[in-house]
>>> print(open('entry.pdb').read())   # PDB, C-alpha atoms, pLDDT in the B column
ATOM      1  CA  MET A   1     180.549  68.186 175.849  1.00 52.00           C
ATOM      2  CA  ALA A   2     183.228  68.408 173.171  1.00 56.00           C
ATOM      3  CA  ASP A   3     186.455  70.306 173.672  1.00 61.00           C
ATOM      4  CA  ALA A   4     186.282  73.829 172.243  1.00 63.00           C
ATOM      5  CA  HIS A   5     189.125  73.032 169.824  1.00 63.00           C
ATOM      6  CA  SER A   6     188.060  69.516 168.837  1.00 58.00           C
ATOM      7  CA  THR A   7     187.057  68.589 165.303  1.00 60.00           C
ATOM      8  CA  PRO A   8     184.473  65.963 164.368  1.00 58.00           C
ATOM      9  CA  ASP A   9     185.616  62.690 162.798  1.00 64.00           C
ATOM     10  CA  THR A  10     184.214  63.120 159.307  1.00 64.00           C
ATOM     11  CA  THR A  11     185.268  61.969 155.884  1.00 65.00           C
ATOM     12  CA  VAL A  12     184.956  64.375 152.990  1.00 66.00           C
ATOM     13  CA  PHE A  13     184.399  62.731 149.617  1.00 67.00           C
ATOM     14  CA  LYS A  14     185.245  64.553 146.392  1.00 72.00           C
ATOM     15  CA  ILE A  15     182.217  64.367 144.139  1.00 74.00           C
ATOM     16  CA  SER A  16     183.025  64.656 140.430  1.00 74.00           C
ATOM     17  CA  GLN A  17     179.508  65.754 139.489  1.00 79.00           C
ATOM     18  CA  ALA A  18     176.925  66.675 142.118  1.00 80.00           C
ATOM     19  CA  GLU A  19     173.922  66.255 139.805  1.00 87.00           C
ATOM     20  CA  ARG A  20     173.068  63.211 137.721  1.00 87.00           C
ATOM     21  CA  PHE A  21     170.111  62.624 135.425  1.00 90.00           C
ATOM     22  CA  THR A  22     168.248  59.439 134.541  1.00 91.00           C
ATOM     23  CA  ARG A  23     164.708  58.276 133.786  1.00 94.00           C
ATOM     24  CA  VAL A  24     162.260  56.091 135.629  1.00 94.00           C
ATOM     25  CA  GLY A  25     162.080  52.799 133.815  1.00 93.00           C
ATOM     26  CA  TYR A  26     160.077  49.707 134.585  1.00 91.00           C
ATOM     27  CA  ARG A  27     160.648  46.296 136.062  1.00 88.00           C
ATOM     28  CA  PRO A  28     158.852  43.661 134.044  1.00 87.00           C
ATOM     29  CA  ILE A  29     156.987  41.243 136.279  1.00 85.00           C
ATOM     30  CA  LYS A  30     155.232  38.478 134.325  1.00 86.00           C
ATOM     31  CA  GLY A  31     154.885  40.745 131.301  1.00 82.00           C
ATOM     32  CA  ASN A  32     153.528  43.677 133.326  1.00 84.00           C
ATOM     33  CA  HIS A  33     155.500  46.849 132.603  1.00 82.00           C
ATOM     34  CA  ALA A  34     153.613  49.008 135.117  1.00 86.00           C
ATOM     35  CA  THR A  35     156.104  48.604 138.007  1.00 90.00           C
ATOM     36  CA  PRO A  36     158.397  51.694 138.075  1.00 93.00           C
ATOM     37  CA  ALA A  37     162.121  51.109 138.595  1.00 94.00           C
ATOM     38  CA  ILE A  38     165.164  53.340 139.057  1.00 94.00           C
ATOM     39  CA  ASN A  39     168.588  51.832 138.403  1.00 93.00           C
ATOM     40  CA  ILE A  40     171.604  53.821 139.556  1.00 93.00           C
ATOM     41  CA  ALA A  41     175.168  52.579 139.173  1.00 93.00           C
ATOM     42  CA  GLY A  42     178.634  53.942 138.583  1.00 91.00           C
ATOM     43  CA  GLN A  43     181.993  54.819 140.083  1.00 91.00           C
ATOM     44  CA  TRP A  44     180.445  58.086 141.269  1.00 90.00           C
ATOM     45  CA  LEU A  45     178.563  56.106 143.958  1.00 91.00           C
ATOM     46  CA  LYS A  46     181.910  54.991 145.410  1.00 90.00           C
ATOM     47  CA  ASP A  47     183.190  58.560 145.119  1.00 89.00           C
ATOM     48  CA  ALA A  48     180.157  59.653 147.151  1.00 89.00           C
ATOM     49  CA  GLY A  49     180.941  57.146 149.934  1.00 87.00           C
ATOM     50  CA  PHE A  50     178.660  54.236 148.991  1.00 90.00           C
ATOM     51  CA  THR A  51     180.094  50.704 149.068  1.00 89.00           C
ATOM     52  CA  THR A  52     178.807  47.330 147.888  1.00 89.00           C
ATOM     53  CA  GLY A  53     176.615  45.626 150.501  1.00 83.00           C
ATOM     54  CA  GLN A  54     176.231  48.784 152.590  1.00 84.00           C
ATOM     55  CA  PRO A  55     172.821  49.248 154.247  1.00 81.00           C
ATOM     56  CA  LEU A  56     170.900  52.263 152.987  1.00 85.00           C
ATOM     57  CA  LYS A  57     168.067  54.394 154.275  1.00 83.00           C
ATOM     58  CA  LEU A  58     165.581  55.737 151.739  1.00 88.00           C
ATOM     59  CA  ARG A  59     163.324  58.640 152.690  1.00 90.00           C
ATOM     60  CA  ILE A  60     160.350  58.887 150.363  1.00 94.00           C
ATOM     61  CA  MET A  61     158.392  62.086 149.705  1.00 95.00           C
ATOM     62  CA  PRO A  62     156.187  63.112 146.765  1.00 95.00           C
ATOM     63  CA  GLY A  63     158.567  63.578 143.825  1.00 93.00           C
ATOM     64  CA  CYS A  64     161.670  63.085 145.975  1.00 94.00           C
ATOM     65  CA  ILE A  65     163.790  60.172 147.245  1.00 94.00           C
ATOM     66  CA  VAL A  66     166.738  60.834 149.571  1.00 93.00           C
ATOM     67  CA  ILE A  67     169.266  57.989 149.879  1.00 92.00           C
ATOM     68  CA  THR A  68     171.721  57.933 152.788  1.00 87.00           C
ATOM     69  CA  THR A  69     174.049  55.280 154.184  1.00 85.00           C
ATOM     70  CA  GLN A  70     173.418  53.516 157.494  1.00 78.00           C
ATOM     71  CA  ASP A  71     176.572  53.042 159.570  1.00 74.00           C
ATOM     72  CA  ILE A  72     176.124  49.635 161.249  1.00 74.00           C
ATOM     73  CA  HIS A  73     179.478  49.889 163.073  1.00 76.00           C
ATOM     74  CA  GLU A  74     178.353  53.129 164.698  1.00 75.00           C
ATOM     75  CA  LEU A  75     175.053  51.551 165.764  1.00 75.00           C
ATOM     76  CA  TRP A  76     176.921  48.549 167.236  1.00 75.00           C
ATOM     77  CA  GLY A  77     179.306  50.847 169.140  1.00 78.00           C
ATOM     78  CA  ASN A  78     176.410  52.868 170.526  1.00 76.00           C
ATOM     79  CA  LEU A  79     174.663  49.683 171.638  1.00 77.00           C
ATOM     80  CA  HIS A  80     177.752  48.536 173.546  1.00 77.00           C
ATOM     81  CA  ALA A  81     178.211  51.975 175.112  1.00 80.00           C
ATOM     82  CA  LEU A  82     174.587  52.220 176.226  1.00 79.00           C
ATOM     83  CA  SER A  83     174.043  48.644 177.417  1.00 75.00           C
ATOM     84  CA  ILE A  84     173.764  48.136 181.149  1.00 75.00           C
ATOM     85  CA  ALA A  85     172.733  44.491 180.949  1.00 74.00           C
ATOM     86  CA  PRO A  86     173.984  41.523 178.908  1.00 79.00           C
ATOM     87  CA  PHE A  87     172.336  41.021 175.530  1.00 78.00           C
ATOM     88  CA  ASP A  88     172.243  38.324 172.855  1.00 82.00           C
ATOM     89  CA  GLU A  89     174.934  39.431 170.381  1.00 80.00           C
ATOM     90  CA  TYR A  90     173.711  36.987 167.709  1.00 83.00           C
ATOM     91  CA  ALA A  91     170.181  38.416 167.868  1.00 83.00           C
ATOM     92  CA  VAL A  92     171.502  41.983 167.738  1.00 78.00           C
ATOM     93  CA  THR A  93     173.772  41.180 164.776  1.00 77.00           C
ATOM     94  CA  SER A  94     170.860  39.587 162.933  1.00 79.00           C
ATOM     95  CA  TRP A  95     168.666  42.619 163.653  1.00 76.00           C
ATOM     96  CA  LEU A  96     171.359  45.114 162.581  1.00 72.00           C
ATOM     97  CA  ASN A  97     171.843  43.246 159.298  1.00 72.00           C
ATOM     98  CA  ARG A  98     168.119  43.699 158.586  1.00 72.00           C
ATOM     99  CA  PHE A  99     167.997  47.212 160.077  1.00 64.00           C
ATOM    100  CA  PRO A 100     166.056  49.420 157.673  1.00 59.00           C
ATOM    101  CA  GLY A 101     168.106  52.485 158.380  1.00 53.00           C
TER     102      GLY A 101
END
>>> encode(input="entry.pdb", output="structure tokens")
Amino acid sequence: MADAHSTPDTTVFKISQAERFTRVGYRPIKGNHATPAINIAGQWLKDAGFTTGQPLKLRIMPGCIVITTQDIHELWGNLHALSIAPFDEYAVTSWLNRFPG
């Protein structure tokens, strides 16, 4: 249990604009323009805490996509803390790099 006066280790990012607008485009595959695509890019992603190469988790619902980051270092730390038997670190690293979130 946490100390009554402890504070969580969190990072607060200053977001310049909390809402952004774009359109669903398409990704041409062999001349077919029926595959929907959404391209998002900009410094605002960094401002929101996203970094290049960072694993993401996408939650898909009708008319809604929620994108969050996946903290691999936290998962690795939890694995070490919870392990009671030796494990193959190479296999775990490979799995974490493919971890879907």
>>> atom_distance(input="entry.pdb", atom1="CA of Phe21 (chain A)", atom2="CA of Ile40 (chain A)")
9.8 Å
>>> closest_residue(input="entry.pdb", among="A:Ile65, A:Ile72, A:Ala85, A:Val24", to="Pro36 (chain A)", atoms="only C-alpha atoms")
A:Val24
>>> atom_distance(input="entry.pdb", atom1="CA of Glu89 (chain A)", atom2="CA of Glu74 (chain A)")
15.2 Å
>>> atom_distance(input="entry.pdb", atom1="CA of Asn97 (chain A)", atom2="CA of Pro55 (chain A)")
7.9 Å
>>> axis_aligned_box(input="entry.pdb", around="region 94-99 of chain A", padding_each_side="4 Å", output="JSON")
{"center_x": 169.9, "center_y": 43.4, "center_z": 161.1, "size_x": 11.8, "size_y": 15.6, "size_z": 13.1}
>>> residues_around(input="entry.pdb", residues="His73 (chain A)", least_positions_apart="2", cutoff="12 Å", atoms="all atoms listed in the file", output="VMD selection string")
chain A and resid 54 to 55 69 to 71 75 to 80 93 96 to 97
>>> resolve_selection(input="entry.pdb", expression="the PyMOL selection byres ((chain A and resi 17) around 12)", output="list of chain:residue names")
A:Phe13, A:Lys14, A:Ile15, A:Ser16, A:Ala18, A:Glu19, A:Arg20, A:Phe21, A:Gly42, A:Gln43, A:Trp44, A:Leu45, A:Asp47, A:Ala48
>>> resolve_selection(input="entry.pdb", expression="the PyMOL selection byres ((chain A and resi 58) around 10)", output="PDB file with C-alpha atoms, in the coordinates of the input")
ATOM      1  CA  LEU A  56     170.900  52.263 152.987  1.00 85.00           C
ATOM      2  CA  LYS A  57     168.067  54.394 154.275  1.00 83.00           C
ATOM      3  CA  ARG A  59     163.324  58.640 152.690  1.00 90.00           C
ATOM      4  CA  ILE A  60     160.350  58.887 150.363  1.00 94.00           C
ATOM      5  CA  MET A  61     158.392  62.086 149.705  1.00 95.00           C
ATOM      6  CA  ILE A  65     163.790  60.172 147.245  1.00 94.00           C
ATOM      7  CA  VAL A  66     166.738  60.834 149.571  1.00 93.00           C
ATOM      8  CA  ILE A  67     169.266  57.989 149.879  1.00 92.00           C
ATOM      9  CA  THR A  68     171.721  57.933 152.788  1.00 87.00           C
ATOM     10  CA  THR A  69     174.049  55.280 154.184  1.00 85.00           C
ATOM     11  CA  GLN A  70     173.418  53.516 157.494  1.00 78.00           C
ATOM     12  CA  PRO A 100     166.056  49.420 157.673  1.00 59.00           C
ATOM     13  CA  GLY A 101     168.106  52.485 158.380  1.00 53.00           C
TER      14      GLY A 101
END
>>> resolve_selection(input="entry.pdb", expression="the PyMOL selection byres ((chain A and resi 23) around 10)", output="count of residues only")
8
